[in-house]
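Colleague: Below you'll find the structure I mean.
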Amino acid sequence: MTTQAQKAVLLPEVEENRKVDYPVHPLFLNRWSSRAFEPKEVADETLYTILEAARWAPSSSNLQPWRFIVAKTEAQKQQFQSFIKPNNRLWTDHAPVLVLVLSHKLRQDGALNGAHAFDAGAAWASLAFQAHLLGLATRAVGGYDRDIAREVLGVPEAYELHAVIALGYRGASEGLPSELQERELPNGRRPLSESIIEGAF
């Protein structure tokens, strides 16, 4: 149930479209994955503050397996466009920054780090929340060709490619293709009870 204090700080489109089962900080509700971006440059200080937050994510044995390939110049973004699928390029082409999240799969002794992907996910969440706190939007993109990305960006085999993150200031939905405009809203979640398994299956 949403408290009065939370209602006071929820964004209007969030309050209309997202309902909690238990009270949480509005940060978790107000952050949602937009496809619309303003054609506004992201200052390096802002970008690196966002990546700094990701640096402090928790990781197994403090191995910090995450890596971020950042594209912010036109030439760099054109490289990313070569492997992002066409339907996602309808909106990712307008994001001022693209970030490919990777994780190093091995421990220092060469053994597999079984937590590398899990930890990279924690870094992505930290990145997304810090971006929101600074007034920026993010959206993770899984629709890209990983083999082409690996080749174009020279990614070694010891790294797993995860998602491309589109990052920038949220723009008006009118800038999107008509079929995407109606989807430019915060989405909901299934009830918490459907995700919790007490004890065992």
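Ordering of the structure tokens sets the chain letters (A, B, ...), residue numbers begin anew at 1 in every chain, and ligands are numbered from 1 in the order given.
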Would you list the contacts of A:Phe83 as a PyMOL selection string, taking every protein, DNA or RNA residue within 10 Å and counting only C-alpha atoms, but skipping same-chain residues closer than 6 positions in sequence?
Modeller: chain A and resi 89+143-152
Colleague: Please, could you write that set of residues out with N, CA and C atoms as a compact mmCIF listing (two decimals), in the first residue's frame?
Modeller:
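Once everything was written out, this is selection36.txt:
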```txt
# COMPACT_ATOMS: atom_id res chain seq x y z
N ARG A 89 16.94 0.30 -33.32
CA ARG A 89 17.59 1.51 -33.80
C ARG A 89 16.59 2.65 -34.02
N GLY A 143 18.33 -6.61 -27.86
CA GLY A 143 18.17 -6.88 -29.29
C GLY A 143 19.34 -6.37 -30.11
N TYR A 144 20.44 -7.11 -30.05
CA TYR A 144 21.61 -6.77 -30.87
C TYR A 144 22.36 -8.06 -31.17
N ASP A 145 23.20 -8.04 -32.20
CA ASP A 145 23.95 -9.22 -32.60
C ASP A 145 25.26 -9.26 -31.82
N ARG A 146 25.35 -10.20 -30.90
CA ARG A 146 26.52 -10.28 -30.03
C ARG A 146 27.80 -10.65 -30.78
N ASP A 147 27.67 -11.50 -31.78
CA ASP A 147 28.86 -11.89 -32.54
C ASP A 147 29.44 -10.70 -33.30
N ILE A 148 28.56 -9.92 -33.92
CA ILE A 148 29.03 -8.74 -34.64
C ILE A 148 29.61 -7.72 -33.66
N ALA A 149 28.94 -7.54 -32.53
CA ALA A 149 29.43 -6.60 -31.52
C ALA A 149 30.82 -7.00 -31.04
N ARG A 150 31.01 -8.28 -30.79
CA ARG A 150 32.31 -8.76 -30.32
C ARG A 150 33.40 -8.46 -31.35
N GLU A 151 33.06 -8.70 -32.62
CA GLU A 151 34.03 -8.47 -33.68
C GLU A 151 34.31 -6.98 -33.88
N VAL A 152 33.26 -6.18 -33.96
CA VAL A 152 33.42 -4.75 -34.23
C VAL A 152 34.18 -4.06 -33.10
```
Colleague: Please provide the set of residues having any atom within 9 Å of stretch 131-135 of chain A, restricted to only C-alpha atoms, with same-chain residues fewer than 3 positions apart removed, written as a list in words.
Modeller: Leu27, Asn30, Arg31, Trp32, Thr46, Leu47, Thr49, Ile50, Leu51, Ser126, Leu127, Ala128, Thr138, Leu167, Gly168, Tyr169 and Arg170 of chain A
Colleague: Compile the contact shell of A:Lys105 as a list in words: residues with an atom at most 7 Å away, counting only C-alpha atoms, same-chain residues fewer than 3 positions apart removed.
Modeller: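 These residues fall inside the cut-off: Leu112, Asn113, His116, Ala158, Tyr159 and Glu160 of chain A.
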Colleague: Could you state the separation of atom CA of A:Thr73 and atom CA of A:Ala54 in Å, given to one decimal place?
Modeller: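 Between atom CA of A:Thr73 and atom CA of A:Ala54 the gap works out to 21.6 Å.
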Colleague: Nearest residue to A:Ala117 out of A:Glu157, A:Trp66, A:Val164, A:Gly188, using only C-alpha atoms?
Modeller: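 Going through A:Glu157, A:Trp66, A:Val164, A:Gly188 one by one, the smallest distance to A:Ala117 is for A:Trp66.
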Colleague: Calculated over only C-alpha atoms, which of the candidates A:Arg107, A:Leu153, A:Ala123, A:Leu161 has the smallest distance to A:Gln81?
Modeller: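 Once distances to A:Gln81 are computed over only C-alpha atoms, the minimum belongs to A:Leu153.
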Colleague: Please identify the strand (DSSP E) residues within chain A (assignment by DSSP from backbone atoms) and present them as a compact mmCIF listing (two decimals) with N, CA and C atoms, in the first residue's frame.
Modeller:
```txt
# COMPACT_ATOMS: atom_id res chain seq x y z
N TRP A 66 32.51 -6.39 -14.04
CA TRP A 66 31.86 -5.55 -15.04
C TRP A 66 32.87 -4.69 -15.81
N ARG A 67 32.54 -4.46 -17.06
CA ARG A 67 33.26 -3.51 -17.91
C ARG A 67 32.21 -2.75 -18.72
N PHE A 68 32.53 -1.53 -19.12
CA PHE A 68 31.59 -0.70 -19.86
C PHE A 68 32.26 -0.13 -21.10
N ILE A 69 31.80 -0.52 -22.27
CA ILE A 69 32.28 0.09 -23.50
C ILE A 69 31.33 1.25 -23.81
N VAL A 70 31.87 2.45 -23.82
CA VAL A 70 31.06 3.67 -23.93
C VAL A 70 31.16 4.25 -25.34
N ALA A 71 30.01 4.55 -25.92
CA ALA A 71 29.95 5.22 -27.22
C ALA A 71 29.24 6.55 -27.04
N VAL A 97 24.18 8.67 -25.56
CA VAL A 97 25.22 7.76 -25.08
C VAL A 97 24.70 6.33 -25.15
N LEU A 98 25.57 5.43 -25.61
CA LEU A 98 25.28 4.00 -25.57
C LEU A 98 26.41 3.33 -24.79
N VAL A 99 26.04 2.38 -23.94
CA VAL A 99 27.02 1.69 -23.10
C VAL A 99 26.79 0.19 -23.22
N LEU A 100 27.79 -0.55 -23.63
CA LEU A 100 27.69 -2.01 -23.67
C LEU A 100 28.24 -2.55 -22.36
N VAL A 101 27.40 -3.28 -21.63
CA VAL A 101 27.82 -3.88 -20.36
C VAL A 101 28.37 -5.28 -20.62
N LEU A 102 29.58 -5.50 -20.16
CA LEU A 102 30.25 -6.80 -20.29
C LEU A 102 30.60 -7.31 -18.90
N SER A 103 30.98 -8.58 -18.83
CA SER A 103 31.57 -9.08 -17.58
C SER A 103 32.70 -10.04 -17.90
N HIS A 104 33.77 -9.93 -17.12
CA HIS A 104 34.91 -10.83 -17.24
C HIS A 104 34.54 -12.14 -16.57
N ALA A 137 17.50 9.20 -18.19
CA ALA A 137 16.77 7.96 -18.41
C ALA A 137 17.71 6.91 -18.98
N THR A 138 17.40 5.66 -18.74
CA THR A 138 18.16 4.54 -19.30
C THR A 138 17.19 3.46 -19.78
N ARG A 139 17.64 2.72 -20.76
CA ARG A 139 16.89 1.54 -21.19
C ARG A 139 17.89 0.49 -21.68
N ALA A 140 17.76 -0.72 -21.16
CA ALA A 140 18.64 -1.81 -21.56
C ALA A 140 18.12 -2.47 -22.83
N VAL A 141 19.03 -2.78 -23.74
CA VAL A 141 18.69 -3.34 -25.04
C VAL A 141 19.34 -4.72 -25.18
N TYR A 159 35.32 -12.33 -22.06
CA TYR A 159 34.26 -11.42 -21.62
C TYR A 159 32.93 -11.83 -22.22
N GLU A 160 31.88 -11.80 -21.39
CA GLU A 160 30.53 -12.06 -21.87
C GLU A 160 29.83 -10.72 -22.11
N LEU A 161 29.13 -10.63 -23.25
CA LEU A 161 28.39 -9.42 -23.57
C LEU A 161 26.97 -9.55 -23.01
N HIS A 162 26.52 -8.50 -22.36
CA HIS A 162 25.18 -8.52 -21.78
C HIS A 162 24.24 -7.58 -22.55
N ALA A 163 24.05 -6.38 -22.08
CA ALA A 163 23.08 -5.47 -22.71
C ALA A 163 23.74 -4.19 -23.16
N VAL A 164 23.14 -3.58 -24.18
CA VAL A 164 23.49 -2.21 -24.56
C VAL A 164 22.54 -1.28 -23.78
N ILE A 165 23.11 -0.30 -23.11
CA ILE A 165 22.30 0.65 -22.35
C ILE A 165 22.22 1.96 -23.11
N ALA A 166 21.00 2.37 -23.46
CA ALA A 166 20.77 3.70 -24.03
C ALA A 166 20.60 4.67 -22.88
N LEU A 167 21.31 5.79 -22.93
CA LEU A 167 21.35 6.72 -21.80
C LEU A 167 21.25 8.15 -22.31
N GLY A 168 20.42 8.94 -21.65
CA GLY A 168 20.29 10.35 -22.00
C GLY A 168 19.16 10.98 -21.22
```
Colleague: Write out as a CSV table (one decimal) with N, CA, C and O atoms, in the first residue's frame all residues of stretch 18-156 of chain A that backbone DSSP assigns to alpha helix (DSSP H).
Modeller:
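Below you can see states_21.csv, which holds the result:
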```
chain,number,residue,atom,x,y,z
A,27,LEU,N,12.1,6.1,-5.4
A,27,LEU,CA,13.2,5.9,-6.4
A,27,LEU,C,12.9,4.7,-7.2
A,27,LEU,O,13.2,4.7,-8.4
A,28,PHE,N,12.5,3.6,-6.6
A,28,PHE,CA,12.3,2.3,-7.3
A,28,PHE,C,11.1,2.3,-8.3
A,28,PHE,O,11.1,1.5,-9.2
A,29,LEU,N,10.2,3.2,-8.0
A,29,LEU,CA,9.0,3.3,-8.9
A,29,LEU,C,9.2,4.4,-10.0
A,29,LEU,O,8.8,4.2,-11.1
A,30,ASN,N,9.8,5.5,-9.6
A,30,ASN,CA,10.0,6.6,-10.5
A,30,ASN,C,11.0,6.2,-11.7
A,30,ASN,O,10.9,6.8,-12.7
A,44,ASP,N,30.5,14.8,-19.6
A,44,ASP,CA,31.4,13.8,-19.1
A,44,ASP,C,31.3,13.6,-17.6
A,44,ASP,O,31.3,12.5,-17.1
A,45,GLU,N,31.2,14.7,-16.9
A,45,GLU,CA,31.2,14.6,-15.4
A,45,GLU,C,29.9,13.8,-15.0
A,45,GLU,O,29.9,13.0,-14.1
A,46,THR,N,28.8,14.1,-15.7
A,46,THR,CA,27.6,13.4,-15.4
A,46,THR,C,27.7,11.9,-15.8
A,46,THR,O,27.3,11.0,-15.0
A,47,LEU,N,28.2,11.6,-17.0
A,47,LEU,CA,28.4,10.2,-17.4
A,47,LEU,C,29.3,9.4,-16.5
A,47,LEU,O,28.9,8.3,-16.0
A,48,TYR,N,30.4,10.0,-16.1
A,48,TYR,CA,31.3,9.3,-15.2
A,48,TYR,C,30.8,9.2,-13.8
A,48,TYR,O,31.1,8.2,-13.1
A,49,THR,N,30.0,10.1,-13.3
A,49,THR,CA,29.3,10.0,-12.0
A,49,THR,C,28.4,8.7,-12.1
A,49,THR,O,28.3,8.0,-11.1
A,50,ILE,N,27.7,8.6,-13.2
A,50,ILE,CA,26.8,7.4,-13.3
A,50,ILE,C,27.6,6.1,-13.3
A,50,ILE,O,27.2,5.1,-12.6
A,51,LEU,N,28.7,6.1,-14.0
A,51,LEU,CA,29.5,4.9,-14.1
A,51,LEU,C,30.2,4.7,-12.7
A,51,LEU,O,30.5,3.5,-12.3
A,52,GLU,N,30.5,5.8,-12.0
A,52,GLU,CA,31.1,5.6,-10.7
A,52,GLU,C,30.2,4.9,-9.7
A,52,GLU,O,30.6,4.1,-8.9
A,53,ALA,N,28.9,5.2,-9.8
A,53,ALA,CA,27.9,4.5,-9.0
A,53,ALA,C,27.9,3.0,-9.3
A,53,ALA,O,27.9,2.1,-8.4
A,54,ALA,N,28.1,2.6,-10.6
A,54,ALA,CA,28.1,1.2,-11.0
A,54,ALA,C,29.4,0.6,-10.4
A,54,ALA,O,29.4,-0.6,-10.1
A,55,ARG,N,30.5,1.4,-10.3
A,55,ARG,CA,31.7,0.8,-9.8
A,55,ARG,C,31.6,0.3,-8.4
A,55,ARG,O,32.3,-0.6,-7.9
A,74,GLU,N,29.9,10.4,-32.6
A,74,GLU,CA,29.1,9.9,-33.7
A,74,GLU,C,29.8,8.7,-34.3
A,74,GLU,O,29.1,7.7,-34.6
A,75,ALA,N,31.1,8.7,-34.4
A,75,ALA,CA,31.8,7.5,-34.9
A,75,ALA,C,31.6,6.3,-34.0
A,75,ALA,O,31.4,5.2,-34.5
A,76,GLN,N,31.7,6.5,-32.7
A,76,GLN,CA,31.5,5.4,-31.8
A,76,GLN,C,30.1,4.8,-31.9
A,76,GLN,O,29.9,3.6,-31.9
A,77,LYS,N,29.1,5.7,-32.0
A,77,LYS,CA,27.7,5.3,-32.0
A,77,LYS,C,27.4,4.6,-33.3
A,77,LYS,O,26.6,3.6,-33.4
A,78,GLN,N,28.1,5.0,-34.4
A,78,GLN,CA,27.9,4.3,-35.7
A,78,GLN,C,28.4,2.8,-35.6
A,78,GLN,O,27.8,1.9,-36.2
A,79,GLN,N,29.4,2.6,-34.8
A,79,GLN,CA,29.9,1.2,-34.6
A,79,GLN,C,28.8,0.4,-33.9
A,79,GLN,O,28.5,-0.7,-34.3
A,80,PHE,N,28.2,1.0,-32.9
A,80,PHE,CA,27.1,0.3,-32.2
A,80,PHE,C,25.9,0.1,-33.1
A,80,PHE,O,25.3,-1.0,-33.0
A,81,GLN,N,25.6,1.0,-33.9
A,81,GLN,CA,24.5,0.9,-34.8
A,81,GLN,C,24.7,-0.3,-35.8
A,81,GLN,O,23.7,-0.8,-36.3
A,86,PRO,N,17.5,-3.5,-36.2
A,86,PRO,CA,16.8,-2.3,-36.8
A,86,PRO,C,15.6,-1.8,-36.0
A,86,PRO,O,15.4,-0.6,-35.9
A,87,ASN,N,14.8,-2.7,-35.4
A,87,ASN,CA,13.6,-2.2,-34.6
A,87,ASN,C,14.1,-1.4,-33.4
A,87,ASN,O,13.4,-0.5,-32.9
A,88,ASN,N,15.2,-1.8,-32.8
A,88,ASN,CA,15.7,-1.0,-31.7
A,88,ASN,C,16.4,0.3,-32.1
A,88,ASN,O,16.5,1.2,-31.3
A,89,ARG,N,16.9,0.3,-33.3
A,89,ARG,CA,17.6,1.5,-33.8
A,89,ARG,C,16.6,2.6,-34.0
A,89,ARG,O,17.0,3.8,-34.1
A,90,LEU,N,15.3,2.3,-34.1
A,90,LEU,CA,14.3,3.4,-34.3
A,90,LEU,C,14.4,4.4,-33.1
A,90,LEU,O,14.0,5.5,-33.3
A,91,TRP,N,14.9,3.9,-32.0
A,91,TRP,CA,15.0,4.9,-30.8
A,91,TRP,C,16.4,4.9,-30.3
A,91,TRP,O,16.8,6.0,-29.8
A,92,THR,N,17.2,3.9,-30.3
A,92,THR,CA,18.5,4.0,-29.8
A,92,THR,C,19.4,5.0,-30.6
A,92,THR,O,20.3,5.5,-30.0
A,116,HIS,N,29.9,-13.8,-12.3
A,116,HIS,CA,30.2,-12.7,-13.1
A,116,HIS,C,29.0,-12.0,-13.7
A,116,HIS,O,28.9,-10.7,-13.7
A,117,ALA,N,28.0,-12.7,-14.2
A,117,ALA,CA,26.8,-12.1,-14.8
A,117,ALA,C,25.9,-11.5,-13.7
A,117,ALA,O,25.4,-10.4,-13.9
A,118,PHE,N,25.8,-12.2,-12.6
A,118,PHE,CA,25.0,-11.7,-11.5
A,118,PHE,C,25.6,-10.4,-11.0
A,118,PHE,O,24.8,-9.4,-10.8
A,119,ASP,N,26.9,-10.2,-10.9
A,119,ASP,CA,27.5,-9.0,-10.5
A,119,ASP,C,27.4,-7.9,-11.5
A,119,ASP,O,27.2,-6.7,-11.1
A,120,ALA,N,27.4,-8.2,-12.8
A,120,ALA,CA,27.3,-7.2,-13.8
A,120,ALA,C,25.8,-6.7,-13.8
A,120,ALA,O,25.6,-5.5,-14.0
A,121,GLY,N,24.9,-7.5,-13.4
A,121,GLY,CA,23.5,-7.1,-13.3
A,121,GLY,C,23.4,-6.1,-12.1
A,121,GLY,O,22.6,-5.1,-12.2
A,122,ALA,N,24.1,-6.3,-11.0
A,122,ALA,CA,24.1,-5.4,-9.9
A,122,ALA,C,24.7,-4.0,-10.3
A,122,ALA,O,24.2,-2.9,-10.0
A,123,ALA,N,25.7,-4.0,-11.2
A,123,ALA,CA,26.3,-2.8,-11.7
A,123,ALA,C,25.3,-2.0,-12.6
A,123,ALA,O,25.2,-0.8,-12.5
A,124,TRP,N,24.6,-2.8,-13.4
A,124,TRP,CA,23.6,-2.1,-14.3
A,124,TRP,C,22.5,-1.5,-13.5
A,124,TRP,O,22.1,-0.3,-13.8
A,125,ALA,N,22.1,-2.1,-12.4
A,125,ALA,CA,21.0,-1.5,-11.6
A,125,ALA,C,21.6,-0.2,-10.9
A,125,ALA,O,20.8,0.8,-10.9
A,126,SER,N,22.8,-0.3,-10.4
A,126,SER,CA,23.4,0.9,-9.8
A,126,SER,C,23.5,2.0,-10.8
A,126,SER,O,23.2,3.2,-10.5
A,127,LEU,N,23.9,1.7,-12.0
A,127,LEU,CA,24.0,2.7,-13.1
A,127,LEU,C,22.6,3.3,-13.4
A,127,LEU,O,22.5,4.6,-13.5
A,128,ALA,N,21.6,2.5,-13.5
A,128,ALA,CA,20.3,3.0,-13.8
A,128,ALA,C,19.7,3.9,-12.7
A,128,ALA,O,19.1,4.9,-13.1
A,129,PHE,N,19.9,3.5,-11.5
A,129,PHE,CA,19.4,4.4,-10.4
A,129,PHE,C,20.1,5.7,-10.3
A,129,PHE,O,19.5,6.7,-10.0
A,130,GLN,N,21.4,5.6,-10.4
A,130,GLN,CA,22.2,6.9,-10.4
A,130,GLN,C,21.8,7.8,-11.5
A,130,GLN,O,21.7,9.0,-11.3
A,131,ALA,N,21.6,7.2,-12.7
A,131,ALA,CA,21.2,8.1,-13.8
A,131,ALA,C,19.9,8.7,-13.5
A,131,ALA,O,19.7,9.9,-13.8
A,132,HIS,N,18.9,8.0,-13.0
A,132,HIS,CA,17.6,8.5,-12.6
A,132,HIS,C,17.8,9.7,-11.6
A,132,HIS,O,17.1,10.7,-11.7
A,133,LEU,N,18.6,9.5,-10.6
A,133,LEU,CA,18.8,10.5,-9.6
A,133,LEU,C,19.4,11.8,-10.2
A,133,LEU,O,19.1,12.9,-9.6
A,146,ARG,N,25.4,-10.2,-30.9
A,146,ARG,CA,26.5,-10.3,-30.0
A,146,ARG,C,27.8,-10.7,-30.8
A,146,ARG,O,28.9,-10.2,-30.4
A,147,ASP,N,27.7,-11.5,-31.8
A,147,ASP,CA,28.9,-11.9,-32.5
A,147,ASP,C,29.4,-10.7,-33.3
A,147,ASP,O,30.7,-10.5,-33.3
A,148,ILE,N,28.6,-9.9,-33.9
A,148,ILE,CA,29.0,-8.7,-34.6
A,148,ILE,C,29.6,-7.7,-33.7
A,148,ILE,O,30.7,-7.1,-33.9
A,149,ALA,N,28.9,-7.5,-32.5
A,149,ALA,CA,29.4,-6.6,-31.5
A,149,ALA,C,30.8,-7.0,-31.0
A,149,ALA,O,31.7,-6.2,-30.9
A,150,ARG,N,31.0,-8.3,-30.8
A,150,ARG,CA,32.3,-8.8,-30.3
A,150,ARG,C,33.4,-8.5,-31.4
A,150,ARG,O,34.5,-8.0,-31.0
A,151,GLU,N,33.1,-8.7,-32.6
A,151,GLU,CA,34.0,-8.5,-33.7
A,151,GLU,C,34.3,-7.0,-33.9
A,151,GLU,O,35.5,-6.6,-33.9
A,152,VAL,N,33.3,-6.2,-34.0
A,152,VAL,CA,33.4,-4.7,-34.2
A,152,VAL,C,34.2,-4.1,-33.1
A,152,VAL,O,35.0,-3.2,-33.3
A,153,LEU,N,33.9,-4.5,-31.9
A,153,LEU,CA,34.5,-3.8,-30.7
A,153,LEU,C,35.7,-4.5,-30.2
A,153,LEU,O,36.4,-4.0,-29.2
```
